[in-house]
$ cat query-v9.cif   # mmCIF, C-alpha atoms and all ligand atoms
data_data
loop_
_atom_site.label_atom_id
_atom_site.label_comp_id
_atom_site.auth_asym_id
_atom_site.auth_seq_id
_atom_site.Cartn_x
_atom_site.Cartn_y
_atom_site.Cartn_z
CA MET A 1120 -46.62 -39.22 13.53
CA ASN A 1121 -48.85 -40.50 10.69
CA LEU A 1122 -47.19 -40.69 7.27
CA ALA A 1123 -48.78 -40.75 3.81
CA LEU A 1124 -47.14 -41.41 0.45
CA ILE A 1125 -48.08 -39.78 -2.87
CA GLY A 1126 -46.36 -41.49 -5.81
CA CYS A 1127 -45.87 -45.21 -5.26
CA GLY A 1128 -43.35 -46.01 -8.00
CA GLN A 1129 -39.76 -47.13 -7.55
CA MET A 1130 -38.69 -44.36 -5.18
CA GLY A 1131 -42.03 -44.22 -3.37
CA ARG A 1132 -41.80 -47.91 -2.53
CA GLY A 1133 -38.25 -47.29 -1.29
CA HIS A 1134 -39.58 -44.59 1.03
CA ALA A 1135 -42.37 -46.87 2.28
CA ARG A 1136 -39.86 -49.63 3.03
CA ALA A 1137 -37.42 -47.26 4.76
CA ALA A 1138 -40.22 -45.66 6.81
CA HIS A 1139 -41.43 -49.12 7.85
CA ASP A 1140 -37.90 -50.16 8.89
CA LEU A 1141 -37.48 -46.95 10.91
CA GLY A 1142 -40.72 -47.62 12.82
CA PHE A 1143 -42.93 -45.04 11.05
CA PRO A 1144 -45.09 -47.15 8.73
CA VAL A 1145 -46.95 -45.28 5.99
CA VAL A 1146 -50.72 -45.39 6.65
CA ALA A 1147 -52.13 -43.90 3.40
CA PHE A 1148 -51.00 -44.54 -0.17
CA CYS A 1149 -51.85 -42.51 -3.27
CA ASP A 1150 -50.96 -43.10 -6.90
CA LEU A 1151 -52.63 -42.29 -10.20
CA HIS A 1152 -52.47 -46.08 -10.71
CA ARG A 1153 -54.41 -47.75 -7.91
CA GLU A 1154 -52.52 -51.01 -8.34
CA ALA A 1155 -49.18 -49.26 -7.62
CA ALA A 1156 -50.59 -47.81 -4.40
CA THR A 1157 -52.12 -51.14 -3.40
CA GLN A 1158 -48.87 -52.99 -4.02
CA ALA A 1159 -46.87 -50.50 -1.92
CA ARG A 1160 -49.44 -50.67 0.90
CA ASP A 1161 -49.50 -54.47 0.89
CA GLU A 1162 -45.69 -54.73 0.88
CA TYR A 1163 -44.64 -52.04 3.34
CA GLY A 1164 -47.56 -50.37 5.11
CA CYS A 1165 -51.17 -50.41 6.20
CA GLY A 1166 -54.25 -48.18 5.96
CA TYR A 1167 -56.02 -46.98 2.83
CA VAL A 1168 -55.27 -46.65 -0.87
CA THR A 1169 -56.50 -43.81 -3.09
CA THR A 1170 -55.97 -42.28 -6.52
CA ASP A 1171 -56.95 -38.83 -5.18
CA PRO A 1172 -54.14 -36.83 -3.47
CA GLY A 1173 -56.90 -34.55 -2.10
CA ARG A 1174 -58.17 -37.37 0.11
CA ILE A 1175 -54.78 -37.53 1.84
CA LEU A 1176 -54.44 -33.76 2.11
CA ARG A 1177 -57.92 -33.46 3.69
CA ASP A 1178 -57.21 -36.30 6.13
CA GLU A 1179 -56.65 -34.66 9.53
CA GLU A 1180 -54.97 -37.81 10.84
CA ILE A 1181 -52.05 -37.37 8.38
CA ASP A 1182 -49.11 -35.32 9.72
CA LEU A 1183 -46.45 -35.83 7.07
CA VAL A 1184 -46.68 -36.44 3.33
CA ILE A 1185 -43.91 -37.99 1.25
CA ILE A 1186 -44.13 -36.87 -2.39
CA ALA A 1187 -42.33 -39.13 -4.89
CA THR A 1188 -43.97 -38.42 -8.25
CA HIS A 1189 -42.45 -37.31 -11.54
CA HIS A 1190 -41.18 -33.74 -11.49
CA ASP A 1191 -44.10 -31.89 -13.07
CA ALA A 1192 -46.31 -32.88 -10.12
CA HIS A 1193 -43.89 -31.69 -7.39
CA HIS A 1194 -45.02 -28.06 -7.60
CA PRO A 1195 -48.83 -28.51 -7.43
CA LEU A 1196 -48.68 -31.33 -4.87
CA ALA A 1197 -46.15 -29.66 -2.55
CA LEU A 1198 -48.05 -26.38 -2.73
CA ALA A 1199 -51.34 -28.11 -1.88
CA ALA A 1200 -49.72 -30.14 0.91
CA ALA A 1201 -48.26 -27.02 2.54
CA GLN A 1202 -51.59 -25.21 2.24
CA ALA A 1203 -53.24 -28.22 3.90
CA GLY A 1204 -50.83 -27.90 6.84
CA LYS A 1205 -48.85 -31.09 6.22
CA HIS A 1206 -45.15 -31.55 6.85
CA ILE A 1207 -43.50 -32.63 3.60
CA LEU A 1208 -40.64 -34.83 2.46
CA LEU A 1209 -40.36 -33.93 -1.24
CA GLU A 1210 -38.27 -35.85 -3.72
CA LYS A 1211 -35.65 -33.97 -5.70
CA PRO A 1212 -35.74 -31.74 -7.63
CA MET A 1213 -37.90 -29.52 -5.44
CA CYS A 1214 -39.51 -28.09 -8.63
CA LEU A 1215 -38.54 -27.60 -12.25
CA THR A 1216 -38.25 -23.80 -12.11
CA VAL A 1217 -37.09 -21.34 -9.51
CA SER A 1218 -40.41 -19.45 -9.60
CA GLN A 1219 -42.31 -22.65 -8.77
CA ALA A 1220 -39.84 -23.46 -5.98
CA VAL A 1221 -40.14 -19.99 -4.45
CA GLU A 1222 -43.94 -20.28 -4.47
CA VAL A 1223 -43.72 -23.59 -2.60
CA ALA A 1224 -41.14 -22.25 -0.11
CA GLU A 1225 -43.32 -19.23 0.66
CA ALA A 1226 -46.35 -21.49 1.19
CA VAL A 1227 -44.30 -23.68 3.56
CA ASP A 1228 -43.20 -20.60 5.53
CA LYS A 1229 -46.77 -19.29 5.68
CA ALA A 1230 -48.18 -22.61 6.88
CA GLY A 1231 -45.45 -23.02 9.50
CA VAL A 1232 -44.84 -26.63 8.46
CA LYS A 1233 -41.49 -28.35 7.93
CA MET A 1234 -40.26 -29.37 4.50
CA ALA A 1235 -37.23 -31.41 3.54
CA ILE A 1236 -36.01 -32.10 0.01
CA ASN A 1237 -34.64 -35.61 -0.33
CA CYS A 1238 -31.13 -34.56 -1.33
CA LYS A 1239 -29.86 -37.53 0.57
CA PHE A 1240 -26.10 -37.09 0.16
CA ARG A 1241 -26.23 -34.41 2.85
CA ILE A 1242 -27.00 -36.98 5.53
CA ALA A 1243 -24.35 -39.50 4.44
CA PRO A 1244 -21.90 -40.09 7.34
CA THR A 1245 -19.02 -39.38 4.89
CA VAL A 1246 -20.44 -35.94 4.13
CA GLN A 1247 -21.19 -35.18 7.78
CA LYS A 1248 -17.59 -36.11 8.68
CA ALA A 1249 -16.18 -33.92 5.90
CA LYS A 1250 -18.41 -31.01 6.99
CA HIS A 1251 -16.87 -31.35 10.45
CA LEU A 1252 -13.24 -31.74 9.37
CA ILE A 1253 -13.26 -29.29 6.42
CA PRO A 1254 -15.97 -26.74 7.25
CA HIS A 1255 -14.83 -24.04 4.81
CA PRO A 1256 -13.71 -25.45 1.45
CA ARG A 1257 -12.30 -22.96 -1.03
CA ILE A 1258 -12.65 -25.04 -4.17
CA SER A 1259 -14.59 -28.15 -5.07
CA HIS A 1260 -15.62 -30.45 -7.91
CA GLY A 1261 -18.86 -32.40 -8.33
CA GLN A 1262 -19.65 -35.00 -10.95
CA LEU A 1263 -22.50 -37.14 -12.21
CA ALA A 1264 -21.27 -39.56 -14.90
CA MET A 1265 -23.51 -42.44 -15.86
CA GLY A 1266 -24.57 -44.64 -18.77
CA ASP A 1267 -27.20 -43.55 -21.31
CA SER A 1268 -30.12 -42.17 -19.29
CA SER A 1269 -32.54 -42.28 -22.24
CA GLN A 1270 -32.62 -46.08 -21.92
CA GLY A 1271 -34.31 -48.01 -19.13
CA ARG A 1272 -36.97 -47.23 -16.58
CA SER A 1273 -35.88 -43.64 -15.86
CA ALA A 1274 -35.98 -42.51 -19.51
CA TRP A 1275 -38.90 -40.24 -18.54
CA ILE A 1276 -36.39 -37.72 -17.15
CA TRP A 1277 -35.99 -36.65 -20.81
CA ASP A 1278 -39.65 -35.73 -21.05
CA LYS A 1279 -39.86 -31.94 -21.15
CA ASP A 1280 -42.72 -31.76 -18.62
CA ASP A 1281 -42.32 -34.90 -16.53
CA GLY A 1282 -38.56 -34.82 -16.12
CA GLY A 1283 -36.66 -31.72 -17.26
CA GLY A 1284 -33.42 -33.38 -18.43
CA LEU A 1285 -30.34 -34.83 -16.77
CA LEU A 1286 -29.11 -31.81 -14.80
CA ILE A 1287 -32.30 -30.92 -12.91
CA SER A 1288 -33.44 -34.57 -12.64
CA THR A 1289 -30.27 -36.30 -11.54
CA ALA A 1290 -27.18 -34.06 -11.30
CA VAL A 1291 -29.32 -31.92 -8.97
CA HIS A 1292 -27.83 -34.17 -6.24
CA THR A 1293 -24.34 -32.96 -7.16
CA VAL A 1294 -25.38 -29.31 -7.29
CA ASP A 1295 -27.01 -29.69 -3.88
CA LEU A 1296 -24.00 -31.43 -2.35
CA LEU A 1297 -21.60 -28.76 -3.62
CA SER A 1298 -23.92 -26.15 -2.17
CA TYR A 1299 -24.00 -27.93 1.21
CA LEU A 1300 -20.25 -28.54 1.36
CA MET A 1301 -19.37 -24.98 0.32
CA GLY A 1302 -21.85 -23.75 2.96
CA CYS A 1303 -22.83 -20.49 1.25
CA LYS A 1304 -24.90 -18.98 -1.56
CA ALA A 1305 -24.13 -19.22 -5.27
CA GLU A 1306 -23.52 -15.88 -7.03
CA GLN A 1307 -22.75 -16.66 -10.66
CA VAL A 1308 -22.44 -19.68 -12.94
CA TYR A 1309 -21.14 -20.48 -16.41
CA ALA A 1310 -21.52 -23.66 -18.45
CA GLU A 1311 -20.95 -25.22 -21.85
CA GLY A 1312 -23.33 -28.00 -22.83
CA ARG A 1313 -23.91 -30.40 -25.72
CA LEU A 1314 -26.68 -32.85 -26.54
CA PHE A 1315 -25.20 -36.04 -28.04
CA GLY A 1316 -28.12 -38.44 -27.54
CA THR A 1317 -30.44 -38.48 -30.56
CA ALA A 1318 -33.34 -39.89 -28.49
CA LYS A 1319 -33.39 -36.82 -26.25
CA THR A 1320 -34.00 -34.05 -28.74
CA THR A 1321 -37.43 -33.17 -27.35
CA MET A 1322 -35.57 -30.90 -24.95
CA GLU A 1323 -33.30 -27.90 -25.25
CA THR A 1324 -30.86 -29.20 -22.65
CA SER A 1325 -27.55 -31.07 -22.40
CA ASP A 1326 -26.43 -34.63 -21.81
CA ALA A 1327 -22.85 -33.39 -21.47
CA LEU A 1328 -22.51 -30.21 -19.43
CA ALA A 1329 -19.38 -28.74 -17.85
CA GLY A 1330 -20.01 -25.79 -15.56
CA THR A 1331 -18.53 -23.49 -12.96
CA ILE A 1332 -20.12 -21.96 -9.86
CA ARG A 1333 -18.82 -18.91 -7.99
CA TRP A 1334 -19.93 -18.72 -4.35
CA ASP A 1335 -20.48 -15.62 -2.23
CA ASN A 1336 -17.60 -16.52 0.12
CA GLY A 1337 -15.17 -16.35 -2.81
CA GLY A 1338 -15.10 -20.13 -3.30
CA VAL A 1339 -15.40 -21.77 -6.71
CA SER A 1340 -16.63 -25.14 -7.97
CA THR A 1341 -16.51 -27.09 -11.20
CA LEU A 1342 -19.29 -29.44 -12.19
CA ILE A 1343 -19.83 -32.22 -14.74
CA SER A 1344 -23.27 -33.62 -15.57
CA THR A 1345 -23.21 -36.33 -18.20
CA ASP A 1346 -24.57 -39.72 -19.23
CA GLN A 1347 -21.76 -40.39 -21.70
CA GLY A 1348 -20.39 -43.37 -19.76
CA PHE A 1349 -20.12 -44.87 -16.30
CA ASN A 1350 -16.73 -44.72 -14.60
CA PRO A 1351 -16.27 -47.72 -12.27
CA MET A 1352 -13.15 -46.17 -10.71
CA VAL A 1353 -14.98 -43.27 -9.08
CA SER A 1354 -18.65 -44.42 -9.45
CA LYS A 1355 -21.66 -42.53 -10.79
CA TRP A 1356 -21.07 -39.77 -8.22
CA PHE A 1357 -17.71 -38.17 -7.53
CA HIS A 1358 -16.91 -35.11 -5.44
CA GLU A 1359 -13.76 -33.40 -4.15
CA ILE A 1360 -13.15 -30.45 -1.81
CA TRP A 1361 -10.02 -28.54 -0.76
CA ASP A 1362 -9.57 -25.77 1.84
CA GLY A 1363 -5.92 -24.72 1.37
CA GLU A 1364 -4.52 -27.40 3.70
CA ARG A 1365 -6.91 -30.34 3.65
CA SER A 1366 -8.87 -32.30 1.07
CA ALA A 1367 -11.64 -34.87 0.82
CA VAL A 1368 -12.48 -37.16 -2.11
CA PHE A 1369 -15.90 -38.85 -2.14
CA SER A 1370 -16.33 -42.02 -4.20
CA ALA A 1371 -18.39 -45.26 -4.26
CA HIS A 1372 -21.67 -43.32 -4.53
CA THR A 1373 -20.57 -41.17 -1.56
CA SER A 1374 -20.19 -44.29 0.61
CA ARG A 1375 -16.48 -43.59 0.93
CA VAL A 1376 -14.44 -40.47 1.64
CA ASP A 1377 -10.64 -40.28 1.62
CA PHE A 1378 -9.09 -37.38 3.48
CA GLY A 1379 -5.78 -35.57 2.98
CA GLY A 1380 -4.20 -33.61 5.87
CA CYS A 1381 -6.92 -34.63 8.35
CA GLU A 1382 -6.84 -36.61 11.58
CA ILE A 1383 -8.37 -39.66 9.86
CA ALA A 1384 -7.42 -41.14 6.46
CA TYR A 1385 -10.85 -42.31 5.35
CA LEU A 1386 -14.40 -43.24 6.33
CA ASP A 1387 -16.35 -45.99 4.60
CA VAL A 1388 -20.06 -46.15 5.41
CA ARG A 1389 -20.14 -49.86 4.48
CA GLU A 1390 -17.92 -50.56 7.52
CA LEU A 1391 -20.40 -48.90 9.94
CA PRO A 1392 -23.01 -50.93 11.90
CA GLU A 1393 -26.18 -51.51 9.85
CA ASP A 1394 -28.34 -49.54 12.27
CA GLU A 1395 -26.07 -46.50 11.92
CA GLN A 1396 -26.31 -46.76 8.12
CA ARG A 1397 -30.12 -47.01 8.25
CA ARG A 1398 -30.45 -44.02 10.55
CA ALA A 1399 -28.64 -41.76 8.07
CA SER A 1400 -32.07 -40.90 6.69
CA MET A 1401 -33.57 -37.64 5.47
CA LEU A 1402 -36.97 -38.84 6.71
CA LEU A 1403 -35.63 -39.35 10.23
CA ASN A 1404 -33.89 -35.98 10.06
CA LEU A 1405 -37.21 -34.35 9.10
CA ILE A 1406 -39.11 -36.10 11.90
CA ASP A 1407 -36.45 -34.94 14.39
CA ALA A 1408 -36.78 -31.39 13.04
CA ILE A 1409 -40.58 -31.51 13.50
CA ARG A 1410 -40.29 -32.82 17.06
CA GLU A 1411 -37.42 -30.58 18.15
CA GLU A 1412 -38.49 -27.51 16.14
CA THR A 1413 -35.17 -27.32 14.32
CA ARG A 1414 -34.29 -26.91 10.62
CA PRO A 1415 -34.20 -30.03 8.49
CA LEU A 1416 -30.90 -30.70 6.75
CA CYS A 1417 -32.24 -29.63 3.33
CA ASP A 1418 -35.11 -27.23 3.89
CA GLN A 1419 -37.32 -25.39 1.39
CA TRP A 1420 -34.95 -22.47 0.82
CA GLU A 1421 -31.98 -24.77 0.29
CA GLY A 1422 -34.17 -26.56 -2.26
CA VAL A 1423 -34.83 -23.22 -3.97
CA GLN A 1424 -31.10 -22.46 -4.21
CA THR A 1425 -30.37 -25.84 -5.84
CA VAL A 1426 -33.14 -25.34 -8.43
CA ALA A 1427 -31.87 -21.78 -9.04
CA ILE A 1428 -28.33 -23.02 -9.70
CA CYS A 1429 -29.59 -25.75 -12.07
CA ASN A 1430 -31.78 -23.27 -13.98
CA ALA A 1431 -28.86 -20.81 -14.23
CA LEU A 1432 -26.43 -23.49 -15.47
CA GLU A 1433 -28.93 -24.51 -18.17
CA ALA A 1434 -29.38 -20.86 -19.18
CA ALA A 1435 -25.61 -20.35 -19.37
CA ALA A 1436 -25.18 -23.44 -21.57
CA ARG A 1437 -28.05 -22.28 -23.80
CA THR A 1438 -26.92 -18.66 -24.20
CA GLY A 1439 -23.14 -18.98 -23.89
CA ARG A 1440 -23.18 -16.24 -21.25
CA PRO A 1441 -22.47 -16.28 -17.47
CA GLN A 1442 -25.65 -16.10 -15.38
CA ARG A 1443 -26.35 -14.53 -11.99
CA VAL A 1444 -28.08 -17.00 -9.66
CA TRP A 1445 -31.48 -16.05 -8.21
CA ARG A 1446 -31.31 -15.21 -4.48
N1 LIG A 1501 -33.40 -39.25 -4.05
C1 LIG A 1501 -33.02 -40.20 -4.90
O1 LIG A 1501 -31.95 -40.75 -4.81
C2 LIG A 1501 -33.94 -40.59 -6.03
C3 LIG A 1501 -33.67 -41.71 -6.82
C4 LIG A 1501 -34.59 -42.03 -7.84
C5 LIG A 1501 -35.70 -41.22 -8.06
N2 LIG A 1501 -35.90 -40.13 -7.26
C6 LIG A 1501 -37.04 -39.24 -7.46
O2 LIG A 1501 -38.23 -39.88 -7.03
C7 LIG A 1501 -39.33 -39.37 -7.78
C8 LIG A 1501 -40.08 -40.52 -8.42
O3 LIG A 1501 -39.20 -41.24 -9.27
P1 LIG A 1501 -39.44 -42.79 -9.56
O4 LIG A 1501 -38.20 -43.31 -10.16
O5 LIG A 1501 -39.98 -43.46 -8.34
O6 LIG A 1501 -40.58 -42.72 -10.67
P2 LIG A 1501 -41.68 -43.84 -10.99
O7 LIG A 1501 -42.11 -43.62 -12.39
O8 LIG A 1501 -41.15 -45.20 -10.64
O9 LIG A 1501 -42.87 -43.52 -9.98
C9 LIG A 1501 -43.62 -42.32 -9.99
C10 LIG A 1501 -45.02 -42.65 -9.54
O10 LIG A 1501 -45.73 -41.44 -9.30
C11 LIG A 1501 -47.08 -41.61 -9.76
N3 LIG A 1501 -47.66 -40.29 -10.00
C12 LIG A 1501 -47.32 -39.38 -10.96
N4 LIG A 1501 -48.05 -38.25 -10.83
C13 LIG A 1501 -48.86 -38.44 -9.75
C14 LIG A 1501 -49.83 -37.65 -9.10
N5 LIG A 1501 -50.13 -36.41 -9.54
N6 LIG A 1501 -50.48 -38.15 -8.03
C15 LIG A 1501 -50.20 -39.40 -7.57
N7 LIG A 1501 -49.26 -40.22 -8.17
C16 LIG A 1501 -48.61 -39.74 -9.23
C17 LIG A 1501 -46.93 -42.46 -11.02
O11 LIG A 1501 -48.14 -43.11 -11.36
C18 LIG A 1501 -45.82 -43.45 -10.59
O12 LIG A 1501 -46.34 -44.63 -10.00
C19 LIG A 1501 -38.73 -38.37 -8.77
O13 LIG A 1501 -38.78 -37.08 -8.21
C20 LIG A 1501 -37.29 -38.83 -8.90
O14 LIG A 1501 -36.41 -37.80 -9.32
C21 LIG A 1501 -35.05 -39.82 -6.26
#

$ encode --input "query-v9.cif" --output "structure tokens"
Amino acid sequence: MNLALIGCGQMGRGHARAAHDLGFPVVAFCDLHREAATQARDEYGCGYVTTDPGRILRDEEIDLVIIATHHDAHHPLALAAAQAGKHILLEKPMCLTVSQAVEVAEAVDKAGVKMAINCKFRIAPTVQKAKHLIPHPRISHGQLAMGDSSQGRSAWIWDKDDGGGLLISTAVHTVDLLSYLMGCKAEQVYAEGRLFGTAKTTMETSDALAGTIRWDNGGVSTLISTDQGFNPMVSKWFHEIWDGERSAVFSAHTSRVDFGGCEIAYLDVRELPEDEQRRASMLLNLIDAIREETRPLCDQWEGVQTVAICNALEAAARTGRPQRVWR
């Protein structure tokens, strides 16, 4: 299995390191900035460096492409990679709009390749345990609450084209996790949103959004997406589920889950052997899916649903009206 990486920034280098540690070193590195690709190659891989994604997509030796660019490039690169017959690990969000995501998903289906979106909470041992113990939640809550996202090295998420705002860029993890835990399709959403940060006014989106999601099994979720302050008690990410008898509360960036009414009281990933922690990897899950011809944990159509929910929540906050979710 030969891996290539397109986008050798912070997350790309993380992928290269993780792939190396899992025994699948990246053998081709692409970035618009040659020095970024060279640095990633020298630190965590081998093989060639290029500024042309086409060179990687034409390379018949490459089986799987990891795409870790800013969000505007996800659609054209993932589409081209599928059309070139490559398996794909695509960073979140799958795309910025549901129409782009559907186009990519259809291309993946047509090419018969495997795609996974790196919505990594799905593979966390805490989430897998909760899926097993509480398979059919009725109600849930998901939350992203962090410090000002317009400051620091990820401020680009507020660029209209590059990023798309806080919900689709970052809280997309929460939307995806709710979707996975509820285990069904979203029907309708509603949201109220406000933009408090003066540095973010290039976009018609929110830095404080409170939403609801109705699922097609009758379940409901609430959601908060905000950068109005970090809460050290529950961490940047906080999720809860209930099924009528049992409950689970995820904290510490989803490293810990506390159960109510279940056979175990809690699971803390930090207490697991290091190898077990490392193997909770979306890349490994995708490679297993390729080899065993199974579905990856977050495939192209699950990626579409998450983008569709995010787009619908934004539309609800903008219009003040409930929105049906594309399906
Ligand atoms: N799954 C997670 O937990 C997680 C965490 C952080 C970031 N991310 C995601 O990872 C992706 C990258 O984020 P980042 O923080 O690493 O950004 P970054 O700015 O550090 O790196 C992005 C890199 O992509 C390169 N690039 C942009 N367009 C390109 C193109 N067309 N071809 C080749 N290279 C291109 C840039 O030059 C840059 O080096 C985003 O999708 C982001 O949302 C995911």

$ atom_distance --input "query-v9.cif" --atom1 "atom CA of Ser1298 of chain A" --atom2 "atom CA of Pro1254 of chain A"
12.3 Å

$ residues_around --input "query-v9.cif" --residues "His1190 of chain A" --least-positions-apart "3" --cutoff "12 Å" --atoms "all atoms listed in the file" --output "number ranges by chain"
A: 1126, 1186-1187, 1193-1197, 1209-1216, 1219-1220, 1275-1284, 1287-1289

$ closest_atom_pairs --input "query-v9.cif" --of "chain A" --to "ligand LIG 1501 (chain A)" --cutoff "7 Å" --atoms "all atoms listed in the file" --output "tab-separated table"
residue	atom	partner	partner_atom	distance
A:Ile1125	CA	A:LIG1501	C15	5.2
A:Gly1126	CA	A:LIG1501	O10	3.5
A:Cys1127	CA	A:LIG1501	O12	4.8
A:Gly1128	CA	A:LIG1501	O9	3.2
A:Gln1129	CA	A:LIG1501	O5	3.8
A:Met1130	CA	A:LIG1501	O5	3.5
A:Gly1131	CA	A:LIG1501	O5	5.4
A:Cys1149	CA	A:LIG1501	C15	5.6
A:Asp1150	CA	A:LIG1501	N7	3.6
A:Leu1151	CA	A:LIG1501	N7	4.4
A:His1152	CA	A:LIG1501	O11	5.3
A:Ala1155	CA	A:LIG1501	O12	5.9
A:Thr1170	CA	A:LIG1501	C15	6.5
A:Pro1172	CA	A:LIG1501	N6	6.0
A:Ala1187	CA	A:LIG1501	C7	4.2
A:Thr1188	CA	A:LIG1501	O10	3.6
A:His1189	CA	A:LIG1501	C19	4.8
A:His1190	CA	A:LIG1501	O13	5.3
A:Ala1192	CA	A:LIG1501	N5	5.2
A:Glu1210	CA	A:LIG1501	O13	4.7
A:Lys1211	CA	A:LIG1501	O13	5.1
A:Pro1212	CA	A:LIG1501	O13	6.2
A:Asn1237	CA	A:LIG1501	N1	5.4
A:Cys1238	CA	A:LIG1501	N1	5.9
A:Lys1239	CA	A:LIG1501	N1	6.1
A:Ser1273	CA	A:LIG1501	O4	6.2
A:Ser1288	CA	A:LIG1501	O14	5.5
A:Thr1289	CA	A:LIG1501	O14	6.7

$ atom_distance --input "query-v9.cif" --atom1 "atom CA of Asn1121 of chain A" --atom2 "atom CA of Ala1201 of chain A"
15.8 Å

$ residues_around --input "query-v9.cif" --residues "segment 1371-1378 of chain A" --least-positions-apart "6" --cutoff "7 Å" --atoms "all atoms listed in the file" --output "JSON, numbers by chain"
{"A": [1245, 1353, 1354, 1355, 1356, 1384, 1385, 1386, 1387, 1388, 1389]}

$ closest_residue --input "query-v9.cif" --among "A:Ile1207, A:Val1308, A:Ala1137, A:Leu1285" --to "Gly1439 of chain A" --atoms "all atoms listed in the file"
A:Val1308

$ atom_distance --input "query-v9.cif" --atom1 "atom CA of Asp1418 of chain A" --atom2 "atom CA of His1134 of chain A"
18.2 Å

$ residues_near_point --input "query-v9.cif" --point "(-29.8, -36.4, -25.9)" --cutoff "9 Å" --atoms "only C-alpha atoms" --output "list of chain:residue names"
A:Asp1267, A:Ser1268, A:Ser1269, A:Trp1277, A:Gly1284, A:Arg1313, A:Leu1314, A:Phe1315, A:Gly1316, A:Thr1317, A:Ala1318, A:Lys1319, A:Thr1320, A:Thr1321, A:Met1322, A:Thr1324, A:Ser1325, A:Asp1326, A:Ala1327

$ build_atoms --input "query-v9.cif" --residues "segment 1201-1218 of chain A" --atoms "N, CA and C atoms" --output "compact mmCIF listing (two decimals), in the coordinates of the input"
# COMPACT_ATOMS: atom_id res chain seq x y z
N ALA A 1201 -48.59 -28.09 1.59
CA ALA A 1201 -48.26 -27.02 2.54
C ALA A 1201 -49.53 -26.27 2.94
N GLN A 1202 -50.35 -25.95 1.94
CA GLN A 1202 -51.59 -25.21 2.24
C GLN A 1202 -52.53 -26.03 3.12
N ALA A 1203 -52.41 -27.35 3.05
CA ALA A 1203 -53.24 -28.22 3.90
C ALA A 1203 -52.61 -28.43 5.28
N GLY A 1204 -51.44 -27.82 5.51
CA GLY A 1204 -50.83 -27.90 6.84
C GLY A 1204 -50.05 -29.18 7.11
N LYS A 1205 -49.61 -29.85 6.04
CA LYS A 1205 -48.85 -31.09 6.22
C LYS A 1205 -47.35 -30.81 6.19
N HIS A 1206 -46.60 -31.52 7.03
CA HIS A 1206 -45.15 -31.55 6.85
C HIS A 1206 -44.85 -32.38 5.60
N ILE A 1207 -43.72 -32.04 4.93
CA ILE A 1207 -43.50 -32.63 3.60
C ILE A 1207 -42.05 -33.12 3.44
N LEU A 1208 -41.92 -34.36 3.01
CA LEU A 1208 -40.64 -34.83 2.46
C LEU A 1208 -40.84 -34.91 0.96
N LEU A 1209 -40.16 -34.04 0.21
CA LEU A 1209 -40.36 -33.93 -1.24
C LEU A 1209 -39.13 -34.46 -1.96
N GLU A 1210 -39.40 -35.34 -2.93
CA GLU A 1210 -38.27 -35.85 -3.72
C GLU A 1210 -37.61 -34.71 -4.51
N LYS A 1211 -36.36 -34.93 -4.83
CA LYS A 1211 -35.65 -33.97 -5.70
C LYS A 1211 -36.13 -34.12 -7.13
N PRO A 1212 -36.03 -33.13 -7.97
CA PRO A 1212 -35.74 -31.74 -7.63
C PRO A 1212 -36.98 -31.13 -6.97
N MET A 1213 -36.75 -30.12 -6.12
CA MET A 1213 -37.90 -29.52 -5.44
C MET A 1213 -38.99 -29.15 -6.45
N CYS A 1214 -38.59 -28.47 -7.53
CA CYS A 1214 -39.51 -28.09 -8.63
C CYS A 1214 -38.65 -27.98 -9.88
N LEU A 1215 -39.29 -27.73 -11.00
CA LEU A 1215 -38.54 -27.60 -12.25
C LEU A 1215 -38.01 -26.20 -12.46
N THR A 1216 -38.70 -25.18 -11.91
CA THR A 1216 -38.25 -23.80 -12.11
C THR A 1216 -38.14 -23.09 -10.77
N VAL A 1217 -37.30 -22.05 -10.76
CA VAL A 1217 -37.09 -21.34 -9.51
C VAL A 1217 -38.37 -20.62 -9.07
N SER A 1218 -39.18 -20.14 -10.01
CA SER A 1218 -40.41 -19.45 -9.60
C SER A 1218 -41.39 -20.42 -8.93
